[in-house]
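Structure file target_36.txt (compact mmCIF, C-alpha atoms) follows.
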```txt
# COMPACT_ATOMS: atom_id res chain seq x y z
CA GLU J 1 48.14 -15.21 -47.78
CA ILE J 2 45.64 -17.88 -46.81
CA GLU J 3 43.10 -19.42 -49.17
CA ILE J 4 39.99 -18.98 -47.01
CA SER J 5 37.10 -21.24 -47.98
CA SER J 6 34.63 -20.26 -45.25
CA VAL J 7 34.17 -18.67 -41.83
CA GLU J 8 32.07 -20.41 -39.19
CA LEU J 9 30.59 -18.85 -36.04
CA ARG J 10 29.28 -20.71 -33.02
CA GLU J 11 26.83 -18.48 -31.22
CA TRP J 12 25.05 -18.94 -27.92
CA HIS J 13 21.32 -18.24 -27.97
CA MET J 14 20.32 -19.58 -24.58
CA ASN J 15 17.98 -16.72 -23.73
CA ASP J 16 16.31 -13.65 -25.23
CA GLY J 17 19.15 -11.41 -24.06
CA TRP J 18 21.70 -13.17 -26.31
CA ASP J 19 20.63 -12.16 -29.80
CA ILE J 20 22.77 -11.20 -32.80
CA GLY J 21 21.40 -8.80 -35.37
CA GLU J 22 24.04 -8.36 -38.07
CA ARG J 23 27.29 -10.03 -39.03
CA HIS J 24 29.73 -8.37 -41.43
CA LEU J 25 32.87 -10.03 -42.76
CA GLU J 26 35.71 -8.20 -44.52
CA LEU J 27 39.03 -9.37 -45.95
CA SER J 28 42.30 -7.62 -46.67
CA SER J 29 45.89 -8.33 -47.58
CA ASP J 30 47.33 -4.91 -46.66
CA GLY J 31 45.97 -4.37 -43.16
CA PHE J 32 42.77 -2.75 -44.49
CA ALA J 33 44.67 0.27 -45.83
CA ASP J 34 43.49 0.14 -49.45
CA ASP J 35 42.44 -3.48 -49.83
CA VAL J 36 39.04 -3.83 -48.13
CA ARG J 37 36.82 -6.59 -49.48
CA ALA J 38 33.36 -7.05 -48.03
CA ILE J 39 31.98 -10.57 -48.22
CA GLU J 40 28.47 -10.25 -49.60
CA ALA J 41 27.44 -13.86 -49.00
CA PRO J 42 25.34 -14.04 -45.82
CA PHE J 43 26.01 -16.21 -42.80
CA GLU J 44 23.51 -19.06 -42.93
CA GLU J 45 22.61 -21.47 -40.15
CA THR J 46 24.11 -24.92 -40.71
CA GLY J 47 23.17 -26.60 -37.44
CA THR J 48 22.92 -26.42 -33.68
CA GLN J 49 24.60 -28.06 -30.73
CA ARG J 50 22.54 -28.74 -27.62
CA TRP J 51 23.96 -29.21 -24.14
CA GLY J 52 20.89 -29.59 -21.97
CA GLY J 53 19.20 -26.19 -22.05
CA ASN J 54 22.18 -24.55 -23.79
CA VAL J 55 21.94 -24.11 -27.55
CA ASN J 56 25.01 -23.42 -29.67
CA THR J 57 23.87 -22.16 -33.09
CA ILE J 58 26.31 -22.67 -35.98
CA VAL J 59 26.32 -20.21 -38.89
CA GLU J 60 28.70 -20.20 -41.83
CA ALA J 61 29.57 -17.85 -44.72
CA PRO J 62 31.40 -18.97 -47.89
CA VAL J 63 34.49 -16.92 -48.76
CA ASN J 64 36.71 -18.67 -51.35
CA GLN J 65 39.27 -15.86 -51.51
CA ARG J 66 42.87 -15.28 -50.46
CA ALA J 67 43.65 -12.83 -47.65
CA ARG J 68 46.11 -11.98 -44.90
CA GLN J 69 43.63 -10.32 -42.53
CA LEU J 70 40.01 -10.90 -41.63
CA ARG J 71 37.69 -8.50 -39.83
CA LEU J 72 34.41 -9.64 -38.32
CA THR J 73 31.85 -7.16 -37.00
CA VAL J 74 28.93 -8.52 -35.03
CA SER J 75 26.19 -6.33 -33.57
CA PRO J 76 23.39 -7.09 -31.12
CA ALA J 77 19.86 -7.34 -32.44
CA ARG J 78 18.44 -4.80 -29.96
CA ASP J 79 19.58 -2.25 -27.44
CA ASP J 80 18.79 -4.66 -24.61
CA SER J 81 20.50 -7.69 -26.15
CA SER J 82 24.12 -8.80 -26.20
CA VAL J 83 26.46 -10.87 -28.36
CA TYR J 84 27.80 -14.20 -27.12
CA LEU J 85 30.23 -15.88 -29.52
CA ALA J 86 31.61 -19.23 -28.42
CA GLU J 87 33.99 -19.72 -31.33
CA VAL J 88 35.12 -18.31 -34.67
CA ARG J 89 36.58 -20.88 -37.06
CA VAL J 90 38.37 -19.96 -40.27
CA VAL J 91 38.54 -22.84 -42.75
CA GLY J 92 41.24 -22.71 -45.43
CA THR J 93 44.70 -23.67 -46.61
CA ARG J 94 48.07 -21.93 -46.76
CA PRO J 95 49.38 -22.07 -50.35
CA GLY J 96 52.93 -23.33 -50.58
CA ALA J 97 52.95 -24.78 -47.06
CA MET J 98 53.27 -28.53 -46.71
CA PRO J 99 50.05 -29.77 -45.13
CA GLU J 100 50.19 -31.93 -42.03
CA VAL J 101 50.01 -35.68 -42.59
CA THR J 102 47.12 -36.58 -40.31
CA ALA J 103 46.69 -40.34 -40.77
CA ILE J 104 48.28 -43.38 -42.41
CA ALA J 105 47.09 -46.93 -42.99
CA THR J 106 48.28 -50.04 -44.80
CA GLY J 107 46.45 -52.58 -46.94
CA ASP J 108 46.85 -54.75 -50.01
CA LEU J 109 45.60 -52.36 -52.70
CA THR J 110 46.94 -54.34 -55.66
CA GLY J 111 45.94 -57.88 -54.66
CA ASP J 112 49.51 -59.19 -54.85
CA GLY J 113 49.71 -60.13 -51.18
CA ALA J 114 51.97 -57.20 -50.26
CA ALA J 115 50.83 -54.14 -48.38
CA GLU J 116 50.76 -50.61 -49.71
CA ILE J 117 50.44 -47.44 -47.63
CA VAL J 118 47.87 -44.65 -47.79
CA ALA J 119 48.59 -41.26 -46.23
CA ALA J 120 46.01 -38.53 -45.60
CA SER J 121 46.49 -34.83 -44.98
CA ALA J 122 45.01 -31.77 -43.33
CA SER J 123 44.33 -30.32 -46.80
CA GLY J 124 42.02 -33.15 -47.83
CA GLN J 125 44.47 -35.19 -49.90
CA LEU J 126 44.95 -38.96 -49.93
CA ARG J 127 47.98 -40.56 -51.58
CA ALA J 128 48.87 -44.23 -51.98
CA PHE J 129 52.48 -45.49 -52.15
CA ASP J 130 54.09 -48.87 -52.61
CA ALA J 131 56.91 -50.11 -50.37
CA ASP J 132 59.48 -48.40 -52.57
CA GLY J 133 57.79 -45.01 -52.26
CA ARG J 134 56.31 -44.96 -55.76
CA VAL J 135 53.05 -43.02 -55.91
CA LEU J 136 50.16 -45.21 -57.03
CA TRP J 137 47.47 -42.54 -56.99
CA THR J 138 46.49 -39.22 -55.43
CA LEU J 139 43.02 -37.88 -54.69
CA THR J 140 41.88 -34.57 -53.20
CA ILE J 141 38.41 -34.66 -51.65
CA GLU J 142 35.79 -31.97 -52.06
CA ASN J 143 36.17 -28.85 -49.89
CA ARG J 144 39.74 -29.96 -49.12
CA SER J 145 38.62 -30.56 -45.54
CA ARG J 146 40.98 -32.09 -42.99
CA ILE J 147 41.07 -35.89 -43.03
CA ASN J 148 41.17 -37.15 -39.46
CA THR J 149 41.40 -40.89 -40.04
CA VAL J 150 41.96 -43.49 -42.75
CA ALA J 151 41.69 -47.28 -42.85
CA CYS J 152 42.19 -49.99 -45.47
CA ALA J 153 39.95 -53.07 -45.67
CA ASP J 154 38.40 -55.30 -48.31
CA VAL J 155 34.72 -54.40 -48.00
CA ASP J 156 33.48 -56.00 -51.24
CA GLY J 157 35.32 -59.34 -51.24
CA ASP J 158 37.36 -58.74 -54.40
CA GLY J 159 40.68 -59.48 -52.72
CA ARG J 160 41.86 -55.85 -52.80
CA ALA J 161 41.57 -53.36 -49.97
CA GLU J 162 39.36 -50.31 -50.30
CA VAL J 163 40.25 -47.08 -48.52
CA ALA J 164 37.86 -45.54 -45.99
CA TYR J 165 38.44 -41.98 -44.80
CA GLY J 166 36.76 -39.64 -42.32
CA THR J 167 36.87 -35.85 -42.37
CA GLU J 168 36.53 -32.78 -40.18
CA ALA J 169 33.61 -31.78 -42.42
CA ALA J 170 31.43 -34.64 -41.14
CA ARG J 171 32.00 -36.94 -44.10
CA LEU J 172 32.76 -40.65 -44.28
CA GLY J 173 33.96 -41.81 -47.68
CA LEU J 174 35.17 -44.92 -49.46
CA LEU J 175 37.64 -45.14 -52.34
CA SER J 176 38.41 -48.11 -54.53
CA ALA J 177 41.84 -49.74 -54.37
CA ASP J 178 42.71 -47.55 -57.39
CA GLY J 179 41.70 -44.34 -55.62
CA GLU J 180 38.34 -43.88 -57.35
CA PRO J 181 35.52 -42.46 -55.20
CA LEU J 182 32.85 -45.09 -54.49
CA TRP J 183 30.62 -43.25 -52.03
CA GLN J 184 30.51 -40.55 -49.40
CA VAL J 185 27.97 -40.10 -46.60
CA GLU J 186 27.28 -37.56 -43.89
CA PRO J 187 26.81 -39.43 -40.60
CA PRO J 188 23.70 -38.28 -38.69
CA ARG J 189 24.00 -35.60 -36.06
CA PHE J 190 23.22 -36.06 -32.39
CA ARG J 191 22.07 -33.15 -30.21
CA GLY J 192 22.69 -30.99 -33.25
CA ILE J 193 26.44 -31.75 -33.17
CA ALA J 194 28.07 -32.30 -36.56
CA SER J 195 29.44 -35.83 -36.92
CA ASP J 196 33.06 -35.17 -37.83
CA VAL J 197 34.65 -38.59 -38.25
CA MET J 198 37.42 -39.15 -35.71
CA THR J 199 38.23 -42.87 -36.03
CA ILE J 200 37.41 -45.75 -38.40
CA VAL J 201 37.34 -49.40 -37.36
CA PRO J 202 36.92 -52.05 -40.10
CA ALA J 203 35.19 -55.11 -38.62
CA ASP J 204 33.32 -58.13 -39.97
CA LEU J 205 30.13 -57.53 -38.00
CA ASP J 206 28.01 -60.28 -39.59
CA GLY J 207 30.58 -63.05 -39.97
CA ASP J 208 30.45 -63.24 -43.76
CA GLY J 209 34.18 -62.73 -44.16
CA ILE J 210 33.81 -59.18 -45.50
CA ALA J 211 34.50 -56.12 -43.39
CA GLU J 212 31.97 -53.47 -42.50
CA ILE J 213 33.02 -49.94 -41.53
CA VAL J 214 32.46 -48.55 -38.02
CA ALA J 215 33.00 -44.82 -37.69
CA GLY J 216 33.47 -43.06 -34.36
CA VAL J 217 32.27 -39.48 -34.69
CA LYS J 218 32.40 -36.23 -32.79
CA SER J 219 28.67 -36.28 -31.99
CA TRP J 220 28.87 -38.91 -29.23
CA GLN J 221 28.29 -41.83 -31.62
CA TYR J 222 29.76 -44.93 -33.20
CA ILE J 223 27.99 -45.69 -36.49
CA ALA J 224 28.27 -48.81 -38.68
CA TYR J 225 28.02 -48.89 -42.48
CA ASP J 226 28.12 -51.71 -45.00
CA GLY J 227 30.37 -51.71 -48.04
CA GLU J 228 27.74 -49.83 -50.09
CA GLY J 229 27.55 -46.96 -47.62
CA GLU J 230 24.22 -47.98 -46.07
CA MET J 231 23.96 -47.27 -42.36
CA LEU J 232 23.48 -50.43 -40.28
CA TRP J 233 23.23 -48.94 -36.80
CA ALA J 234 24.19 -46.02 -34.60
CA ASN J 235 25.12 -46.21 -30.93
CA VAL J 236 25.17 -43.14 -28.67
CA ILE J 237 28.11 -43.49 -26.30
CA TYR J 238 28.79 -41.78 -23.01
CA ALA J 239 30.24 -39.32 -23.65
CA HIS J 240 31.36 -36.59 -26.02
CA SER J 241 33.57 -37.11 -29.08
CA ALA J 242 34.83 -40.48 -30.20
CA THR J 243 38.63 -40.78 -30.04
CA VAL J 244 40.03 -44.28 -30.66
CA GLY J 245 38.06 -47.39 -31.60
CA TYR J 246 38.95 -51.06 -31.70
CA ALA J 247 37.34 -54.39 -32.64
CA ASP J 248 37.88 -57.87 -31.18
CA ASP J 249 35.78 -60.85 -30.10
CA PHE J 250 35.66 -60.30 -26.35
CA ASP J 251 32.85 -62.78 -25.59
CA GLY J 252 33.80 -65.73 -27.83
CA ASP J 253 30.71 -65.65 -30.04
CA GLY J 254 32.75 -65.49 -33.22
CA LEU J 255 31.83 -61.86 -33.96
CA PRO J 256 33.71 -58.70 -32.98
CA GLU J 257 32.56 -56.21 -30.39
CA ILE J 258 33.55 -52.55 -30.70
CA VAL J 259 35.45 -50.62 -28.04
CA GLY J 260 34.16 -47.05 -28.33
CA GLY J 261 36.94 -44.83 -27.04
CA ASN J 262 35.86 -41.28 -26.25
CA ALA J 263 36.87 -37.96 -24.74
CA TYR J 264 34.95 -38.19 -21.48
CA TYR J 265 35.96 -40.68 -18.80
CA THR J 266 33.91 -43.78 -19.66
CA LEU J 267 34.77 -47.09 -21.36
CA ASN J 268 32.06 -48.17 -23.84
CA LEU J 269 31.66 -51.63 -25.39
CA ILE J 270 29.22 -52.04 -28.28
CA ASP J 271 27.85 -55.33 -29.59
CA THR J 272 28.01 -56.37 -33.23
CA ASP J 273 24.39 -55.25 -33.75
CA GLY J 274 24.99 -51.80 -32.26
CA THR J 275 23.49 -52.40 -28.81
CA ARG J 276 25.38 -51.25 -25.76
CA ILE J 277 27.02 -54.03 -23.77
CA PHE J 278 28.30 -51.74 -21.01
CA ASN J 279 29.87 -48.44 -20.14
CA ARG J 280 32.18 -48.51 -17.16
CA GLY J 281 34.76 -46.74 -15.09
CA ARG J 282 36.15 -43.27 -14.70
CA LEU J 283 39.33 -43.03 -16.71
CA GLY J 284 41.11 -40.28 -18.53
CA PRO J 285 39.07 -38.19 -19.34
CA GLU J 286 40.30 -38.86 -22.88
CA GLN J 287 41.00 -42.36 -24.14
CA THR J 288 43.96 -42.17 -26.51
CA ALA J 289 45.12 -45.73 -27.28
CA VAL J 290 43.39 -49.11 -27.27
CA GLY J 291 44.32 -52.74 -27.81
CA SER J 292 43.58 -56.24 -26.55
CA ALA J 293 45.33 -59.32 -25.15
CA ASP J 294 44.37 -62.50 -23.35
CA VAL J 295 45.88 -61.66 -19.98
CA ASP J 296 44.19 -64.36 -17.89
CA GLY J 297 44.59 -67.39 -20.15
CA ASP J 298 40.88 -68.05 -20.65
CA GLY J 299 41.13 -67.90 -24.43
CA LEU J 300 39.31 -64.58 -24.66
CA PRO J 301 40.97 -61.19 -25.11
CA GLU J 302 40.75 -58.46 -22.50
CA ILE J 303 40.48 -54.74 -23.27
CA LEU J 304 43.57 -52.56 -22.87
CA MET J 305 42.81 -48.85 -22.70
CA GLY J 306 45.31 -45.98 -22.47
CA THR J 307 44.42 -42.41 -21.54
CA ASP J 308 45.73 -38.87 -21.75
CA LEU J 309 46.59 -39.04 -18.03
CA GLY J 310 49.05 -41.89 -18.56
CA GLU J 311 46.73 -44.63 -17.33
CA LEU J 312 46.93 -48.08 -18.90
CA ILE J 313 43.93 -50.05 -17.67
CA CYS J 314 42.98 -53.66 -18.36
CA TYR J 315 39.29 -54.65 -18.37
CA ASP J 316 37.65 -58.04 -18.69
CA GLY J 317 35.05 -58.46 -21.41
CA ASP J 318 32.28 -57.79 -18.89
CA GLY J 319 33.77 -54.45 -17.86
CA THR J 320 35.53 -55.58 -14.70
CA GLU J 321 38.79 -53.73 -14.11
CA LEU J 322 41.64 -56.24 -13.69
CA TRP J 323 44.61 -53.94 -13.21
CA GLU J 324 45.99 -50.48 -13.85
CA ALA J 325 49.51 -49.27 -14.66
CA ASN J 326 50.94 -45.79 -15.15
CA VAL J 327 52.98 -44.85 -18.22
CA GLY J 328 53.74 -41.29 -17.13
CA ASP J 329 51.87 -39.33 -19.80
CA LYS J 330 49.44 -39.75 -22.68
CA ALA J 331 49.43 -43.34 -23.98
CA THR J 332 49.81 -43.36 -27.77
CA ARG J 333 49.94 -47.01 -28.87
CA ILE J 334 49.32 -50.41 -27.26
CA LEU J 335 50.62 -53.64 -28.78
CA ALA J 336 50.25 -57.24 -27.60
CA VAL J 337 53.43 -59.17 -28.48
CA ASP J 338 55.02 -62.41 -27.20
CA LEU J 339 58.40 -61.02 -26.14
CA ASP J 340 59.95 -64.18 -24.71
CA GLY J 341 58.53 -66.95 -26.94
CA ASP J 342 56.47 -68.64 -24.24
CA GLY J 343 53.22 -68.35 -26.19
CA VAL J 344 51.79 -65.68 -23.90
CA ALA J 345 51.56 -62.10 -25.13
CA GLU J 346 53.14 -59.29 -23.18
CA ILE J 347 51.89 -55.70 -23.47
CA VAL J 348 54.05 -52.96 -24.97
CA CYS J 349 52.86 -49.38 -24.60
CA ALA J 350 54.27 -46.13 -25.99
CA ALA J 351 53.71 -42.80 -24.25
CA GLU J 352 54.41 -39.10 -24.57
CA SER J 353 56.45 -39.43 -21.38
CA ALA J 354 59.36 -40.34 -23.73
CA ASN J 355 59.15 -43.97 -22.70
CA VAL J 356 58.15 -47.34 -24.06
CA TYR J 357 56.94 -49.81 -21.42
CA ALA J 358 56.69 -53.59 -21.48
CA LEU J 359 54.28 -55.19 -18.99
CA ASP J 360 53.41 -58.78 -18.22
CA ALA J 361 49.88 -60.15 -18.28
CA ALA J 362 49.34 -59.03 -14.68
CA GLY J 363 50.31 -55.44 -15.47
CA GLU J 364 53.73 -55.69 -13.80
CA LEU J 365 56.63 -53.83 -15.36
CA ILE J 366 59.13 -55.94 -17.35
CA TRP J 367 61.20 -53.08 -18.76
CA ARG J 368 61.07 -49.40 -19.55
CA ALA J 369 62.98 -47.88 -22.46
CA ALA J 370 63.69 -44.18 -21.97
CA LEU J 371 63.93 -42.33 -25.30
CA PRO J 372 65.12 -38.80 -26.15
CA ASP J 373 61.64 -37.39 -26.88
CA GLY J 374 57.95 -38.14 -26.46
CA VAL J 375 56.81 -41.26 -28.32
CA SER J 376 53.87 -40.53 -30.62
CA ASP J 377 53.57 -44.00 -32.15
CA LEU J 378 54.93 -47.54 -31.98
CA ALA J 379 55.03 -50.29 -34.62
CA LEU J 380 56.11 -53.92 -34.64
CA VAL J 381 59.03 -54.34 -37.04
CA PRO J 382 58.64 -57.27 -39.47
CA GLY J 383 61.03 -60.13 -38.73
CA ALA J 384 61.59 -63.38 -36.88
CA GLU J 385 62.30 -61.75 -33.51
CA PRO J 386 60.16 -59.05 -31.89
CA ARG J 387 61.50 -55.55 -32.53
CA PHE J 388 59.79 -52.21 -32.26
CA ALA J 389 60.02 -48.91 -34.08
CA ALA J 390 59.20 -45.88 -31.92
CA ALA J 391 58.39 -42.44 -33.34
CA ALA J 392 60.41 -40.34 -30.92
CA GLY J 393 59.79 -36.75 -31.97
CA ALA J 394 62.96 -34.84 -32.87
CA ALA J 395 65.00 -38.02 -32.34
CA GLY J 396 63.33 -39.62 -35.38
CA VAL J 397 62.68 -43.38 -35.41
CA VAL J 398 64.27 -45.50 -32.69
CA VAL J 399 64.40 -49.31 -32.99
CA LEU J 400 64.15 -51.43 -29.82
CA ASP J 401 64.63 -55.15 -29.29
CA ALA J 402 62.40 -57.44 -27.22
CA ARG J 403 64.33 -56.46 -24.05
CA GLY J 404 63.86 -52.72 -24.61
CA GLN J 405 67.46 -52.15 -25.73
CA ILE J 406 68.06 -49.54 -28.45
CA LEU J 407 69.32 -51.19 -31.64
CA GLY J 408 69.46 -48.16 -33.89
CA ASN J 409 68.12 -44.76 -34.80
CA GLY J 410 66.80 -43.31 -38.07
CA PRO J 411 67.07 -39.50 -38.13
CA ILE J 412 64.57 -37.49 -40.18
CA GLN J 413 63.92 -33.86 -41.02
CA GLY J 414 61.51 -32.50 -38.43
CA ARG J 415 59.65 -34.55 -35.87
CA ALA J 416 58.45 -38.12 -36.25
CA GLY J 417 54.70 -38.60 -36.06
CA LEU J 418 52.89 -41.78 -37.17
CA LEU J 419 54.32 -45.18 -38.11
CA ALA J 420 53.42 -48.10 -40.35
CA ALA J 421 55.23 -51.31 -41.28
CA ILE J 422 55.30 -52.01 -45.02
CA GLY J 423 57.30 -54.52 -47.05
CA GLY J 424 60.09 -54.96 -44.50
CA ARG J 425 60.33 -51.23 -44.02
CA ILE J 426 59.06 -48.73 -41.48
CA ALA J 427 57.26 -45.69 -42.85
CA VAL J 428 57.07 -42.55 -40.71
CA THR J 429 55.25 -39.26 -41.11
CA THR J 430 56.97 -35.99 -40.24
CA ASP J 431 55.79 -32.55 -39.19
CA GLN J 432 57.24 -31.30 -42.49
CA GLY J 433 54.35 -32.91 -44.37
CA GLN J 434 56.42 -35.86 -45.58
CA VAL J 435 56.38 -39.65 -45.41
CA ALA J 436 59.80 -41.30 -45.13
CA ALA J 437 60.75 -44.97 -44.96
CA PHE J 438 63.64 -46.95 -43.42
CA ASP J 439 64.79 -50.49 -44.08
CA ALA J 440 63.93 -52.48 -40.96
CA GLY J 441 66.98 -54.72 -41.21
CA GLU J 442 67.24 -58.11 -39.50
```

Could the structure of this file be written out as structure tokens, please?
Amino acid sequence: EIEISSVELREWHMNDGWDIGERHLELSSDGFADDVRAIEAPFEETGTQRWGGNVNTIVEAPVNQRARQLRLTVSPARDDSSVYLAEVRVVGTRPGAMPEVTAIATGDLTGDGAAEIVAASASGQLRAFDADGRVLWTLTIENRSRINTVACADVDGDGRAEVAYGTEAARLGLLSADGEPLWQVEPPRFRGIASDVMTIVPADLDGDGIAEIVAGVKSWQYIAYDGEGEMLWANVIYAHSATVGYADDFDGDGLPEIVGGNAYYTLNLIDTDGTRIFNRGRLGPEQTAVGSADVDGDGLPEILMGTDLGELICYDGDGTELWEANVGDKATRILAVDLDGDGVAEIVCAAESANVYALDAAGELIWRAALPDGVSDLALVPGAEPRFAAAAGAAGVVVLDARGQILGNGPIQGRAGLLAAIGGRIAVTTDQGQVAAFDAGE
């Protein structure tokens, strides 16, 4: 049985001929033989999505019951009208099943100078661990909605990191270092689209030494908040949902600009005050990994953007494309690391093509490490010499040296997902709903 919290319909009402009269929802756990439960709560409109002249009306009915089957009956309003349903979404959880770990982040939660790890789940739970795996605290958010993203940053200047999270239910929240809720906001809609939070970028936007929170949301926006949850600005990007965001000082003014990764072809750069600096290019369509490195030696970082088509593209801070490389499939992580000790960073990129690539500052291939499975994440292993941990699906965690040679392998139950370095160890999420950790070694 599934614990169903609500059912959401997305209906098209572009013209008079598309008009729904009645909606009836029934539940059962025996195939509607004897167990037939009608949901009396009505579907109520919760918003709209507008795509030019097209209007997608969203209606939702609360359920809050367990069931194995669901039956939805929708009838037209008139004899001359018809039903046009774009989507039916059932929101709930499966009791007893381990929820997916959807995001992890590290930060100094205790103020002792060492990092802790926070993991978030598809069932709305956040849990903090120390480097030894001891649970520090656990919190389940209201509605148990899927948490898409989590980030740790000190937003109040107390020397301990707070925990920001973003959900599928269009909520951005902040927890104290001890896991106590501080605030939660609903980012504003655009074109009627709910602002599910897809990525969070902590960044010191005003140069006071304390981070603000920039949230990339599904409704074509990046939105900045201060540490009290007050909105500072909103920038409408081109186009569609935010995907991956990143902050760095690309123009040398001492303040970070925001790279607004998105699902529709175009690179966006946003200034510290929320104004658009540029949107450029035709890449992707979906941007899936982002980083930065000074590739031309001018003292300023360039933008490194990876896409779902396997493109790795380098842009100058003014939006000029400098070079492009191909990594075979969706890029999943981009790191800038000095591999040879010459003081100049090389670029290391993981991809679902089951490869990790190292490129020089001109985008030329240095080495390619072929791994047994697609690489979903990459982390720099703590230590004196550059080493990398790659999350290689069913092959678990694979450790590479600075030349791309495999040093070791850490098997896990299930498939490796996301990675984080913590206290000389590498933490990895699995598709079994677990977080495991390996000693990084020397």

Using only C-alpha atoms, I'd like a table of the residues in region 121-213 of chain J that come within 12 Å of region 266-278 of chain J; for each, show the closest atom pair and its distance in Å rounded to one decimal, ordered by chain and ascending number, as CSV.
```
residue,atom,partner,partner_atom,distance
J:Ala203,CA,J:Thr272,CA,9.1
J:Asp204,CA,J:Thr272,CA,8.8
J:Leu205,CA,J:Thr272,CA,5.3
J:Asp206,CA,J:Thr272,CA,7.5
J:Gly207,CA,J:Thr272,CA,9.8
J:Glu212,CA,J:Thr272,CA,10.5
J:Ile213,CA,J:Thr272,CA,11.6
```

Shortest interatomic distance to Leu359 (chain J) - which of J:Asp342, J:Arg403, J:Ala384, J:Phe438, counting all atoms listed in the file: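 For Leu359 (chain J), the nearest of the given residues is J:Arg403.
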
Of the listed residues J:Thr46, J:Thr288, J:Ser5, J:Ser28, that which approaches Glu142 (chain J) most closely, counting only C-alpha atoms: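 Ranking J:Thr46, J:Thr288, J:Ser5, J:Ser28 by distance to Glu142 (chain J), first place goes to J:Ser5.
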
Å distance separating CA of Trp12 (chain J) from CA of Tyr222 (chain J), one decimal place: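 The value is 26.9 Å.
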
Expected residue set, 12 Å radius at (58.3, -51.5, -11.2), only C-alpha atoms, as a ChimeraX atom specification: /J:325-327,357-360,363-368

Two-atom distance - CA of Ala41 (chain J), CA of Ser6 (chain J) (Å): 10.3 Å

Pairwise distance for CA of Trp18 (chain J) and CA of Asp80 (chain J), rounded to one decimal in Å: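 Atom-to-atom, CA of Trp18 (chain J) to CA of Asp80 (chain J), that is 9.2 Å.
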
Selection near Glu44 (chain J), 8 Å with all atoms listed in the file, sequence-local residues under 2 positions removed, as a VMD selection string: chain J and resid 42 46 59 to 61

Distance query Gly396 (chain J) at most 9 Å, all atoms listed in the file, self and fewer than 6 positions along chain excluded, as a list in words: Asp373, Ala390, Asn409, Gly410, Pro411, Ile412, Gln413, Gly414, Arg415, Ala416, Gly417, Val428 and Thr430 of chain J
